[in-house]
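Have a look at protein.cif; it's mmCIF, N, CA and C atoms:
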```cif
data_target
#
loop_
_atom_site.label_atom_id
_atom_site.label_comp_id
_atom_site.auth_asym_id
_atom_site.auth_seq_id
_atom_site.Cartn_x
_atom_site.Cartn_y
_atom_site.Cartn_z
N MET U 21 0.82 -1.19 0.00
CA MET U 21 0.00 0.00 0.00
C MET U 21 0.86 1.25 0.00
N ARG U 22 2.07 1.15 0.55
CA ARG U 22 2.92 2.31 0.65
C ARG U 22 3.27 2.87 -0.73
N GLY U 23 3.47 2.00 -1.72
CA GLY U 23 3.80 2.45 -3.07
C GLY U 23 2.65 3.15 -3.76
N SER U 24 1.45 3.01 -3.22
CA SER U 24 0.28 3.63 -3.84
C SER U 24 0.08 5.07 -3.39
N ARG U 25 0.71 5.46 -2.32
CA ARG U 25 0.49 6.80 -1.78
C ARG U 25 0.74 7.91 -2.79
N PRO U 26 1.82 7.87 -3.57
CA PRO U 26 2.02 8.94 -4.55
C PRO U 26 0.89 9.04 -5.58
N LEU U 27 0.33 7.91 -5.97
CA LEU U 27 -0.77 7.94 -6.95
C LEU U 27 -1.99 8.63 -6.37
N PHE U 28 -2.32 8.32 -5.14
CA PHE U 28 -3.48 8.95 -4.52
C PHE U 28 -3.21 10.42 -4.21
N ALA U 29 -1.96 10.75 -3.91
CA ALA U 29 -1.60 12.16 -3.69
C ALA U 29 -1.77 12.96 -4.97
N VAL U 30 -1.33 12.39 -6.08
CA VAL U 30 -1.51 13.07 -7.38
C VAL U 30 -3.00 13.24 -7.68
N LYS U 31 -3.77 12.22 -7.42
CA LYS U 31 -5.22 12.29 -7.66
C LYS U 31 -5.86 13.38 -6.79
N GLN U 32 -5.47 13.46 -5.54
CA GLN U 32 -6.03 14.48 -4.66
C GLN U 32 -5.63 15.89 -5.07
N LEU U 33 -4.39 16.03 -5.52
CA LEU U 33 -3.91 17.36 -5.91
C LEU U 33 -4.43 17.81 -7.27
N ASP U 34 -4.43 16.91 -8.25
CA ASP U 34 -4.77 17.28 -9.63
C ASP U 34 -6.19 16.92 -10.03
N GLY U 35 -6.86 16.09 -9.25
CA GLY U 35 -8.23 15.71 -9.59
C GLY U 35 -8.32 15.03 -10.94
N ALA U 36 -9.34 15.39 -11.70
CA ALA U 36 -9.58 14.76 -13.00
C ALA U 36 -8.48 15.07 -14.01
N ALA U 37 -7.67 16.08 -13.76
CA ALA U 37 -6.59 16.44 -14.69
C ALA U 37 -5.52 15.35 -14.77
N CYS U 38 -5.46 14.45 -13.80
CA CYS U 38 -4.43 13.40 -13.81
C CYS U 38 -4.93 12.09 -14.42
N HIS U 39 -6.15 12.08 -14.96
CA HIS U 39 -6.69 10.84 -15.51
C HIS U 39 -5.83 10.28 -16.64
N GLY U 40 -5.25 11.15 -17.46
CA GLY U 40 -4.39 10.68 -18.54
C GLY U 40 -3.17 9.94 -18.01
N LEU U 41 -2.53 10.50 -17.00
CA LEU U 41 -1.37 9.86 -16.38
C LEU U 41 -1.76 8.53 -15.76
N LEU U 42 -2.82 8.52 -14.98
CA LEU U 42 -3.25 7.29 -14.32
C LEU U 42 -3.65 6.22 -15.34
N SER U 43 -4.26 6.63 -16.44
CA SER U 43 -4.64 5.68 -17.49
C SER U 43 -3.41 5.02 -18.09
N LYS U 44 -2.34 5.78 -18.26
CA LYS U 44 -1.09 5.20 -18.78
C LYS U 44 -0.47 4.25 -17.77
N LEU U 45 -0.58 4.57 -16.49
CA LEU U 45 0.01 3.72 -15.45
C LEU U 45 -0.72 2.38 -15.30
N VAL U 46 -1.95 2.28 -15.80
CA VAL U 46 -2.68 1.02 -15.76
C VAL U 46 -1.93 -0.06 -16.54
N ALA U 47 -1.11 0.32 -17.50
CA ALA U 47 -0.33 -0.63 -18.29
C ALA U 47 0.83 -1.24 -17.50
N ASP U 48 1.20 -0.65 -16.38
CA ASP U 48 2.32 -1.11 -15.58
C ASP U 48 1.84 -2.12 -14.54
N ASP U 49 2.33 -3.36 -14.64
CA ASP U 49 1.90 -4.42 -13.71
C ASP U 49 2.12 -4.05 -12.24
N ALA U 50 3.18 -3.32 -11.97
CA ALA U 50 3.53 -3.01 -10.58
C ALA U 50 2.54 -2.08 -9.89
N VAL U 51 1.87 -1.22 -10.66
CA VAL U 51 0.97 -0.23 -10.05
C VAL U 51 -0.45 -0.29 -10.62
N ARG U 52 -0.75 -1.30 -11.41
CA ARG U 52 -2.06 -1.37 -12.07
C ARG U 52 -3.23 -1.28 -11.08
N GLU U 53 -3.17 -2.06 -10.02
CA GLU U 53 -4.25 -2.06 -9.04
C GLU U 53 -4.47 -0.65 -8.48
N PHE U 54 -3.39 0.02 -8.14
CA PHE U 54 -3.50 1.33 -7.50
C PHE U 54 -3.92 2.41 -8.49
N ALA U 55 -3.47 2.29 -9.73
CA ALA U 55 -3.89 3.26 -10.75
C ALA U 55 -5.40 3.15 -11.00
N LEU U 56 -5.91 1.91 -11.05
CA LEU U 56 -7.36 1.73 -11.24
C LEU U 56 -8.12 2.28 -10.03
N ARG U 57 -7.63 2.00 -8.85
CA ARG U 57 -8.30 2.50 -7.64
C ARG U 57 -8.30 4.02 -7.60
N ALA U 58 -7.18 4.62 -7.97
CA ALA U 58 -7.10 6.09 -7.96
C ALA U 58 -8.02 6.70 -9.01
N LEU U 59 -8.12 6.06 -10.18
CA LEU U 59 -9.00 6.59 -11.23
C LEU U 59 -10.45 6.67 -10.76
N ALA U 60 -10.89 5.68 -9.99
CA ALA U 60 -12.29 5.63 -9.57
C ALA U 60 -12.47 6.07 -8.12
N ASP U 61 -11.45 6.72 -7.57
CA ASP U 61 -11.46 7.07 -6.15
C ASP U 61 -12.53 8.10 -5.79
N ARG U 62 -12.70 9.10 -6.60
CA ARG U 62 -13.63 10.20 -6.29
C ARG U 62 -14.85 10.12 -7.20
N LYS U 63 -16.00 9.88 -6.62
CA LYS U 63 -17.23 9.74 -7.42
C LYS U 63 -17.56 11.01 -8.19
N LYS U 64 -17.16 12.16 -7.70
CA LYS U 64 -17.45 13.41 -8.39
C LYS U 64 -16.46 13.70 -9.51
N GLU U 65 -15.43 12.86 -9.66
CA GLU U 65 -14.40 13.08 -10.68
C GLU U 65 -14.30 11.89 -11.64
N LEU U 66 -15.42 11.30 -12.00
CA LEU U 66 -15.41 10.15 -12.88
C LEU U 66 -15.59 10.52 -14.35
N THR U 67 -15.92 11.77 -14.65
CA THR U 67 -16.10 12.19 -16.02
C THR U 67 -14.79 12.00 -16.78
N GLY U 68 -14.86 11.32 -17.91
CA GLY U 68 -13.68 11.11 -18.73
C GLY U 68 -12.90 9.85 -18.41
N VAL U 69 -13.28 9.14 -17.35
CA VAL U 69 -12.60 7.88 -17.02
C VAL U 69 -13.12 6.82 -17.99
N GLU U 70 -12.21 6.12 -18.62
CA GLU U 70 -12.55 5.14 -19.66
C GLU U 70 -12.90 3.78 -19.05
N PRO U 71 -14.17 3.34 -19.17
CA PRO U 71 -14.55 2.04 -18.62
C PRO U 71 -13.78 0.87 -19.23
N ALA U 72 -13.28 1.03 -20.45
CA ALA U 72 -12.54 -0.06 -21.09
C ALA U 72 -11.30 -0.46 -20.30
N LEU U 73 -10.68 0.47 -19.60
CA LEU U 73 -9.52 0.14 -18.76
C LEU U 73 -9.92 -0.87 -17.69
N PHE U 74 -11.07 -0.66 -17.10
CA PHE U 74 -11.55 -1.53 -16.03
C PHE U 74 -12.04 -2.86 -16.60
N ARG U 75 -12.68 -2.82 -17.76
CA ARG U 75 -13.15 -4.06 -18.38
C ARG U 75 -11.98 -4.98 -18.72
N ARG U 76 -10.91 -4.42 -19.28
CA ARG U 76 -9.73 -5.24 -19.59
C ARG U 76 -9.12 -5.82 -18.32
N ALA U 77 -9.14 -5.07 -17.24
CA ALA U 77 -8.54 -5.52 -15.98
C ALA U 77 -9.32 -6.68 -15.35
N LEU U 78 -10.54 -6.92 -15.79
CA LEU U 78 -11.31 -8.06 -15.26
C LEU U 78 -10.63 -9.39 -15.58
N ALA U 79 -9.80 -9.42 -16.63
CA ALA U 79 -9.10 -10.65 -17.02
C ALA U 79 -7.68 -10.71 -16.49
N ASP U 80 -7.29 -9.79 -15.63
CA ASP U 80 -5.93 -9.76 -15.09
C ASP U 80 -5.69 -10.98 -14.21
N PRO U 81 -4.46 -11.50 -14.22
CA PRO U 81 -4.19 -12.67 -13.36
C PRO U 81 -4.24 -12.35 -11.86
N SER U 82 -4.08 -11.09 -11.48
CA SER U 82 -4.08 -10.73 -10.07
C SER U 82 -5.50 -10.53 -9.55
N PRO U 83 -5.88 -11.23 -8.48
CA PRO U 83 -7.21 -11.02 -7.92
C PRO U 83 -7.40 -9.60 -7.37
N ARG U 84 -6.32 -8.98 -6.94
CA ARG U 84 -6.41 -7.61 -6.42
C ARG U 84 -6.76 -6.63 -7.54
N VAL U 85 -6.20 -6.85 -8.73
CA VAL U 85 -6.51 -6.00 -9.88
C VAL U 85 -7.96 -6.24 -10.31
N ARG U 86 -8.37 -7.51 -10.33
CA ARG U 86 -9.77 -7.82 -10.70
C ARG U 86 -10.74 -7.17 -9.72
N MET U 87 -10.39 -7.17 -8.43
CA MET U 87 -11.25 -6.54 -7.42
C MET U 87 -11.32 -5.03 -7.66
N ALA U 88 -10.18 -4.39 -7.94
CA ALA U 88 -10.18 -2.95 -8.21
C ALA U 88 -11.00 -2.64 -9.46
N ALA U 89 -10.94 -3.53 -10.45
CA ALA U 89 -11.73 -3.32 -11.67
C ALA U 89 -13.22 -3.42 -11.38
N LEU U 90 -13.62 -4.40 -10.58
CA LEU U 90 -15.03 -4.56 -10.24
C LEU U 90 -15.56 -3.34 -9.48
N ILE U 91 -14.79 -2.87 -8.53
CA ILE U 91 -15.22 -1.71 -7.74
C ILE U 91 -15.28 -0.47 -8.62
N GLY U 92 -14.29 -0.31 -9.49
CA GLY U 92 -14.28 0.84 -10.40
C GLY U 92 -15.46 0.82 -11.35
N LEU U 93 -15.78 -0.35 -11.90
CA LEU U 93 -16.93 -0.45 -12.81
C LEU U 93 -18.23 -0.14 -12.07
N ALA U 94 -18.32 -0.54 -10.82
CA ALA U 94 -19.52 -0.22 -10.03
C ALA U 94 -19.63 1.29 -9.86
N ARG U 95 -18.53 1.94 -9.58
CA ARG U 95 -18.57 3.40 -9.41
C ARG U 95 -18.89 4.11 -10.71
N LEU U 96 -18.41 3.55 -11.82
CA LEU U 96 -18.69 4.16 -13.12
C LEU U 96 -20.11 3.88 -13.60
N GLY U 97 -20.75 2.87 -13.01
CA GLY U 97 -22.11 2.52 -13.42
C GLY U 97 -22.14 1.92 -14.81
N ASP U 98 -21.12 1.15 -15.16
CA ASP U 98 -21.01 0.57 -16.50
C ASP U 98 -21.81 -0.73 -16.58
N GLY U 99 -23.03 -0.66 -17.07
CA GLY U 99 -23.89 -1.83 -17.19
C GLY U 99 -23.47 -2.77 -18.29
N GLY U 100 -22.65 -2.34 -19.22
CA GLY U 100 -22.23 -3.19 -20.33
C GLY U 100 -21.08 -4.12 -19.98
N ALA U 101 -20.61 -4.10 -18.75
CA ALA U 101 -19.47 -4.93 -18.35
C ALA U 101 -19.88 -6.33 -17.93
N ALA U 102 -21.16 -6.65 -17.94
CA ALA U 102 -21.64 -7.95 -17.44
C ALA U 102 -20.94 -9.15 -18.08
N PRO U 103 -20.69 -9.17 -19.40
CA PRO U 103 -20.02 -10.35 -19.98
C PRO U 103 -18.63 -10.62 -19.37
N GLY U 104 -17.94 -9.60 -18.93
CA GLY U 104 -16.65 -9.79 -18.29
C GLY U 104 -16.75 -10.11 -16.82
N ILE U 105 -17.89 -9.78 -16.22
CA ILE U 105 -18.08 -10.01 -14.79
C ILE U 105 -18.57 -11.42 -14.50
N ILE U 106 -19.42 -11.95 -15.34
CA ILE U 106 -20.03 -13.26 -15.08
C ILE U 106 -19.00 -14.36 -14.81
N PRO U 107 -17.90 -14.47 -15.57
CA PRO U 107 -16.92 -15.53 -15.26
C PRO U 107 -16.27 -15.39 -13.88
N LEU U 108 -16.31 -14.21 -13.30
CA LEU U 108 -15.68 -13.99 -12.00
C LEU U 108 -16.59 -14.36 -10.84
N THR U 109 -17.82 -14.79 -11.12
CA THR U 109 -18.77 -15.07 -10.05
C THR U 109 -18.59 -16.45 -9.42
N SER U 110 -17.63 -17.23 -9.89
CA SER U 110 -17.37 -18.53 -9.28
C SER U 110 -15.93 -18.58 -8.75
N ARG U 111 -15.70 -19.49 -7.85
CA ARG U 111 -14.36 -19.66 -7.27
C ARG U 111 -13.39 -20.10 -8.36
N PRO U 112 -12.11 -19.73 -8.21
CA PRO U 112 -11.10 -20.20 -9.17
C PRO U 112 -10.97 -21.72 -9.13
N ASP U 113 -10.66 -22.32 -10.27
CA ASP U 113 -10.45 -23.77 -10.32
C ASP U 113 -9.31 -24.17 -9.39
N GLY U 114 -9.50 -25.24 -8.66
CA GLY U 114 -8.49 -25.74 -7.74
C GLY U 114 -8.41 -25.01 -6.43
N SER U 115 -9.30 -24.07 -6.21
CA SER U 115 -9.30 -23.30 -4.96
C SER U 115 -9.82 -24.17 -3.83
N PRO U 116 -9.06 -24.30 -2.74
CA PRO U 116 -9.53 -25.14 -1.63
C PRO U 116 -10.69 -24.48 -0.90
N MET U 117 -11.66 -25.28 -0.58
CA MET U 117 -12.81 -24.79 0.17
C MET U 117 -12.46 -24.78 1.67
N PRO U 118 -12.97 -23.82 2.40
CA PRO U 118 -12.76 -23.83 3.86
C PRO U 118 -13.38 -25.10 4.45
N ASN U 119 -12.71 -25.67 5.43
CA ASN U 119 -13.22 -26.93 5.97
C ASN U 119 -13.36 -26.93 7.50
N LYS U 120 -13.03 -25.82 8.13
CA LYS U 120 -13.19 -25.74 9.58
C LYS U 120 -14.50 -25.04 9.89
N LYS U 121 -15.03 -25.28 11.07
CA LYS U 121 -16.26 -24.64 11.50
C LYS U 121 -15.94 -23.51 12.45
N PRO U 122 -16.59 -22.40 12.42
CA PRO U 122 -17.57 -21.96 11.43
C PRO U 122 -16.87 -21.50 10.15
N VAL U 123 -17.44 -21.85 9.03
CA VAL U 123 -16.85 -21.58 7.73
C VAL U 123 -16.67 -20.08 7.50
N ASN U 124 -17.65 -19.29 7.91
CA ASN U 124 -17.59 -17.86 7.63
C ASN U 124 -16.53 -17.13 8.46
N ALA U 125 -15.95 -17.77 9.47
CA ALA U 125 -14.95 -17.12 10.31
C ALA U 125 -13.52 -17.40 9.84
N GLN U 126 -13.37 -18.15 8.74
CA GLN U 126 -12.04 -18.48 8.24
C GLN U 126 -11.61 -17.51 7.16
N PRO U 127 -10.32 -17.22 7.09
CA PRO U 127 -9.84 -16.42 5.96
C PRO U 127 -10.02 -17.22 4.67
N ASP U 128 -10.61 -16.61 3.69
CA ASP U 128 -10.85 -17.29 2.41
C ASP U 128 -10.80 -16.26 1.29
N PRO U 129 -9.59 -15.84 0.89
CA PRO U 129 -9.50 -14.79 -0.12
C PRO U 129 -10.10 -15.19 -1.47
N ASP U 130 -10.23 -16.48 -1.73
CA ASP U 130 -10.78 -16.91 -3.02
C ASP U 130 -12.28 -16.67 -3.15
N ARG U 131 -12.94 -16.32 -2.06
CA ARG U 131 -14.36 -16.02 -2.18
C ARG U 131 -14.62 -14.52 -2.30
N ALA U 132 -13.61 -13.68 -2.12
CA ALA U 132 -13.80 -12.23 -2.16
C ALA U 132 -14.18 -11.74 -3.56
N VAL U 133 -13.42 -12.12 -4.58
CA VAL U 133 -13.72 -11.66 -5.94
C VAL U 133 -15.08 -12.17 -6.41
N PRO U 134 -15.41 -13.48 -6.23
CA PRO U 134 -16.75 -13.91 -6.63
C PRO U 134 -17.87 -13.16 -5.91
N HIS U 135 -17.68 -12.86 -4.63
CA HIS U 135 -18.70 -12.14 -3.87
C HIS U 135 -18.95 -10.76 -4.47
N VAL U 136 -17.87 -10.01 -4.70
CA VAL U 136 -18.01 -8.67 -5.27
C VAL U 136 -18.53 -8.75 -6.70
N ALA U 137 -18.11 -9.76 -7.46
CA ALA U 137 -18.58 -9.92 -8.84
C ALA U 137 -20.09 -10.14 -8.88
N VAL U 138 -20.60 -10.97 -7.99
CA VAL U 138 -22.05 -11.22 -7.96
C VAL U 138 -22.79 -9.94 -7.61
N ARG U 139 -22.29 -9.22 -6.62
CA ARG U 139 -22.95 -7.95 -6.25
C ARG U 139 -22.92 -6.96 -7.39
N ARG U 140 -21.77 -6.85 -8.06
CA ARG U 140 -21.63 -5.90 -9.17
C ARG U 140 -22.52 -6.31 -10.34
N TRP U 141 -22.55 -7.60 -10.67
CA TRP U 141 -23.36 -8.08 -11.78
C TRP U 141 -24.84 -7.85 -11.50
N SER U 142 -25.28 -8.12 -10.27
CA SER U 142 -26.70 -7.93 -9.94
C SER U 142 -27.08 -6.46 -10.04
N ARG U 143 -26.18 -5.56 -9.64
CA ARG U 143 -26.47 -4.12 -9.77
C ARG U 143 -26.54 -3.71 -11.24
N SER U 144 -25.66 -4.27 -12.06
CA SER U 144 -25.69 -3.90 -13.48
C SER U 144 -26.98 -4.40 -14.13
N MET U 145 -27.50 -5.53 -13.69
CA MET U 145 -28.74 -6.05 -14.24
C MET U 145 -29.92 -5.15 -13.86
N ARG U 146 -29.88 -4.58 -12.65
CA ARG U 146 -30.97 -3.70 -12.22
C ARG U 146 -30.95 -2.40 -13.01
N SER U 147 -29.76 -1.96 -13.45
CA SER U 147 -29.67 -0.68 -14.14
C SER U 147 -29.94 -0.79 -15.65
N MET U 148 -30.04 -2.02 -16.16
CA MET U 148 -30.28 -2.19 -17.60
C MET U 148 -31.75 -1.98 -17.91
N PRO U 149 -32.05 -1.34 -19.05
CA PRO U 149 -33.47 -1.14 -19.41
C PRO U 149 -34.12 -2.47 -19.75
N VAL U 150 -35.40 -2.55 -19.43
CA VAL U 150 -36.16 -3.78 -19.68
C VAL U 150 -36.83 -3.70 -21.03
#
```
Would you mind writing the file out in structure tokens?
Amino acid sequence: MRGSRPLFAVKQLDGAACHGLLSKLVADDAVREFALRALADRKKELTGVEPALFRRALADPSPRVRMAALIGLARLGDGGAAPGIIPLTSRPDGSPMPNKKPVNAQPDPDRAVPHVAVRRWSRSMRSMPV
């Protein structure tokens, strides 16, 4: 998290004017998660943020980047992202299931992305016209 501080500082100081810089930093594996988070950090500064950056990040190998993409898409209100979200609603293949009781009290990072994906997908379905 310490390496992310400069990105959030730039976002706080420059606001929407730094979207171009942050969009370029999304290409860097080392800071991708933080660049996505900073882009969608302020709900009042989402104008001009490109949803395609977040949609592409849904396929990233890092679960932290996928989580940042899901949260960013929710903030952007991008209802067209459902095809990229649906595959994230299940646990990764080979992921061990919790086996101690109570199940909900165990650390289980493999259920975090599917949980947020289901919530995000259900919200996008509510916002789509019938």
DSSP-assigned helix (DSSP H, G or I) among chain U, expressed as number ranges by chain: U: 22-45, 52-59, 63-65, 71-77, 83-96, 99-109, 123-125, 129-147
Give one line per residue of segment 22-109 of chain U that approaches segment 119-138 of chain U to at most 8 Å, naming the two atoms of the closest pair and their distance in Å to one decimal, counting all atoms listed in the file; sort by chain then ascending residue number and deliver it as a Markdown table.
```
| residue | atom | partner | partner_atom | distance |
| --- | --- | --- | --- | --- |
| U:Pro83 | C | U:Val133 | CA | 6.8 |
| U:Arg84 | N | U:Val133 | CA | 7.9 |
| U:Arg86 | C | U:Val133 | CA | 6.6 |
| U:Met87 | CA | U:Val133 | CA | 5.9 |
| U:Leu90 | CA | U:Val136 | C | 6.5 |
| U:Ile91 | N | U:Val136 | C | 7.2 |
| U:Ile105 | C | U:Ala137 | CA | 5.9 |
| U:Ile106 | N | U:Ala137 | C | 6.7 |
| U:Pro107 | C | U:Pro134 | CA | 7.4 |
| U:Leu108 | C | U:Pro134 | CA | 4.2 |
| U:Thr109 | CA | U:Pro134 | CA | 4.1 |
```
Can you write out the residues you just picked, keeping N, CA and C atoms, as a PDB file, in the frame of the given file?
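The result, written out as part-v8.pdb:
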```pdb
ATOM      1  N   PRO U  83      -5.880 -11.230  -8.480  1.00  0.00           N
ATOM      2  CA  PRO U  83      -7.210 -11.020  -7.920  1.00  0.00           C
ATOM      3  C   PRO U  83      -7.400  -9.600  -7.370  1.00  0.00           C
ATOM      4  N   ARG U  84      -6.320  -8.980  -6.940  1.00  0.00           N
ATOM      5  CA  ARG U  84      -6.410  -7.610  -6.420  1.00  0.00           C
ATOM      6  C   ARG U  84      -6.760  -6.630  -7.540  1.00  0.00           C
ATOM      7  N   ARG U  86      -8.370  -7.510 -10.330  1.00  0.00           N
ATOM      8  CA  ARG U  86      -9.770  -7.820 -10.700  1.00  0.00           C
ATOM      9  C   ARG U  86     -10.740  -7.170  -9.720  1.00  0.00           C
ATOM     10  N   MET U  87     -10.390  -7.170  -8.430  1.00  0.00           N
ATOM     11  CA  MET U  87     -11.250  -6.540  -7.420  1.00  0.00           C
ATOM     12  C   MET U  87     -11.320  -5.030  -7.660  1.00  0.00           C
ATOM     13  N   LEU U  90     -13.620  -4.400 -10.580  1.00  0.00           N
ATOM     14  CA  LEU U  90     -15.030  -4.560 -10.240  1.00  0.00           C
ATOM     15  C   LEU U  90     -15.560  -3.340  -9.480  1.00  0.00           C
ATOM     16  N   ILE U  91     -14.790  -2.870  -8.530  1.00  0.00           N
ATOM     17  CA  ILE U  91     -15.220  -1.710  -7.740  1.00  0.00           C
ATOM     18  C   ILE U  91     -15.280  -0.470  -8.620  1.00  0.00           C
ATOM     19  N   ILE U 105     -17.890  -9.780 -16.220  1.00  0.00           N
ATOM     20  CA  ILE U 105     -18.080 -10.010 -14.790  1.00  0.00           C
ATOM     21  C   ILE U 105     -18.570 -11.420 -14.500  1.00  0.00           C
ATOM     22  N   ILE U 106     -19.420 -11.950 -15.340  1.00  0.00           N
ATOM     23  CA  ILE U 106     -20.030 -13.260 -15.080  1.00  0.00           C
ATOM     24  C   ILE U 106     -19.000 -14.360 -14.810  1.00  0.00           C
ATOM     25  N   PRO U 107     -17.900 -14.470 -15.570  1.00  0.00           N
ATOM     26  CA  PRO U 107     -16.920 -15.530 -15.260  1.00  0.00           C
ATOM     27  C   PRO U 107     -16.270 -15.390 -13.880  1.00  0.00           C
ATOM     28  N   LEU U 108     -16.310 -14.210 -13.300  1.00  0.00           N
ATOM     29  CA  LEU U 108     -15.680 -13.990 -12.000  1.00  0.00           C
ATOM     30  C   LEU U 108     -16.590 -14.360 -10.840  1.00  0.00           C
ATOM     31  N   THR U 109     -17.820 -14.790 -11.120  1.00  0.00           N
ATOM     32  CA  THR U 109     -18.770 -15.070 -10.050  1.00  0.00           C
ATOM     33  C   THR U 109     -18.590 -16.450  -9.420  1.00  0.00           C
TER      34      THR U 109
END
```
Could you check which of U:His39, U:Ala77, U:Ala89, U:Pro116 is closest to Arg57 of chain U, using all atoms listed in the file? U:Ala89
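If you look at atom CA of Pro112 of chain U and atom CA of Ser142 of chain U, they are 19.9 Å away from each other.
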Pairwise distance for atom N of Pro81 of chain U and atom CA of Ala36 of chain U, rounded to one decimal in Å: 26.8 Å
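Between atom C of Pro26 of chain U and atom CA of Val46 of chain U there is a distance of 13.4 Å.
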Please evaluate the PyMOL selection byres ((chain U and resi 56) around 8) against the structure above and give the resulting residues as a ChimeraX atom specification. /U:42-43,45-46,51-55,57-61,73-74,85,88-89,91-92
Exercise: segment 100-104 of chain U partners within 8 Å, all atoms listed in the file, chain neighbours under 3 positions left out, as a tab-separated table (two decimals) with N, CA and C atoms, in the coordinates of the input:
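selection_22.tsv was written with the following content:
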```tsv
chain	number	residue	atom	x	y	z
U	74	PHE	N	-11.07	-0.66	-17.10
U	74	PHE	CA	-11.55	-1.53	-16.03
U	74	PHE	C	-12.04	-2.86	-16.60
U	75	ARG	N	-12.68	-2.82	-17.76
U	75	ARG	CA	-13.15	-4.06	-18.38
U	75	ARG	C	-11.98	-4.98	-18.72
U	76	ARG	N	-10.91	-4.42	-19.28
U	76	ARG	CA	-9.73	-5.24	-19.59
U	76	ARG	C	-9.12	-5.82	-18.32
U	78	LEU	N	-10.54	-6.92	-15.79
U	78	LEU	CA	-11.31	-8.06	-15.26
U	78	LEU	C	-10.63	-9.39	-15.58
U	79	ALA	N	-9.80	-9.42	-16.63
U	79	ALA	CA	-9.10	-10.65	-17.02
U	79	ALA	C	-7.68	-10.71	-16.49
U	93	LEU	N	-15.78	-0.35	-11.90
U	93	LEU	CA	-16.93	-0.45	-12.81
U	93	LEU	C	-18.23	-0.14	-12.07
U	97	GLY	N	-20.75	2.87	-13.01
U	97	GLY	CA	-22.11	2.52	-13.42
U	97	GLY	C	-22.14	1.92	-14.81
U	107	PRO	N	-17.90	-14.47	-15.57
U	107	PRO	CA	-16.92	-15.53	-15.26
U	107	PRO	C	-16.27	-15.39	-13.88
U	108	LEU	N	-16.31	-14.21	-13.30
U	108	LEU	CA	-15.68	-13.99	-12.00
U	108	LEU	C	-16.59	-14.36	-10.84
U	109	THR	N	-17.82	-14.79	-11.12
U	109	THR	CA	-18.77	-15.07	-10.05
U	109	THR	C	-18.59	-16.45	-9.42
U	140	ARG	N	-21.77	-6.85	-8.06
U	140	ARG	CA	-21.63	-5.90	-9.17
U	140	ARG	C	-22.52	-6.31	-10.34
U	141	TRP	N	-22.55	-7.60	-10.67
U	141	TRP	CA	-23.36	-8.08	-11.78
U	141	TRP	C	-24.84	-7.85	-11.50
U	144	SER	N	-25.66	-4.27	-12.06
U	144	SER	CA	-25.69	-3.90	-13.48
U	144	SER	C	-26.98	-4.40	-14.13
U	145	MET	N	-27.50	-5.53	-13.69
U	145	MET	CA	-28.74	-6.05	-14.24
U	145	MET	C	-29.92	-5.15	-13.86
U	148	MET	N	-30.04	-2.02	-16.16
U	148	MET	CA	-30.28	-2.19	-17.60
U	148	MET	C	-31.75	-1.98	-17.91
```
Per-axis box centre and lengths in Å around segment 126-141 of chain U, 5 Å margin per side, axis-aligned, as lines of an AutoDock Vina configuration file:
```
center_x = -17.2
center_y = -12.2
center_z = -1.5
size_x = 25.3
size_y = 22.6
size_z = 30.5
```
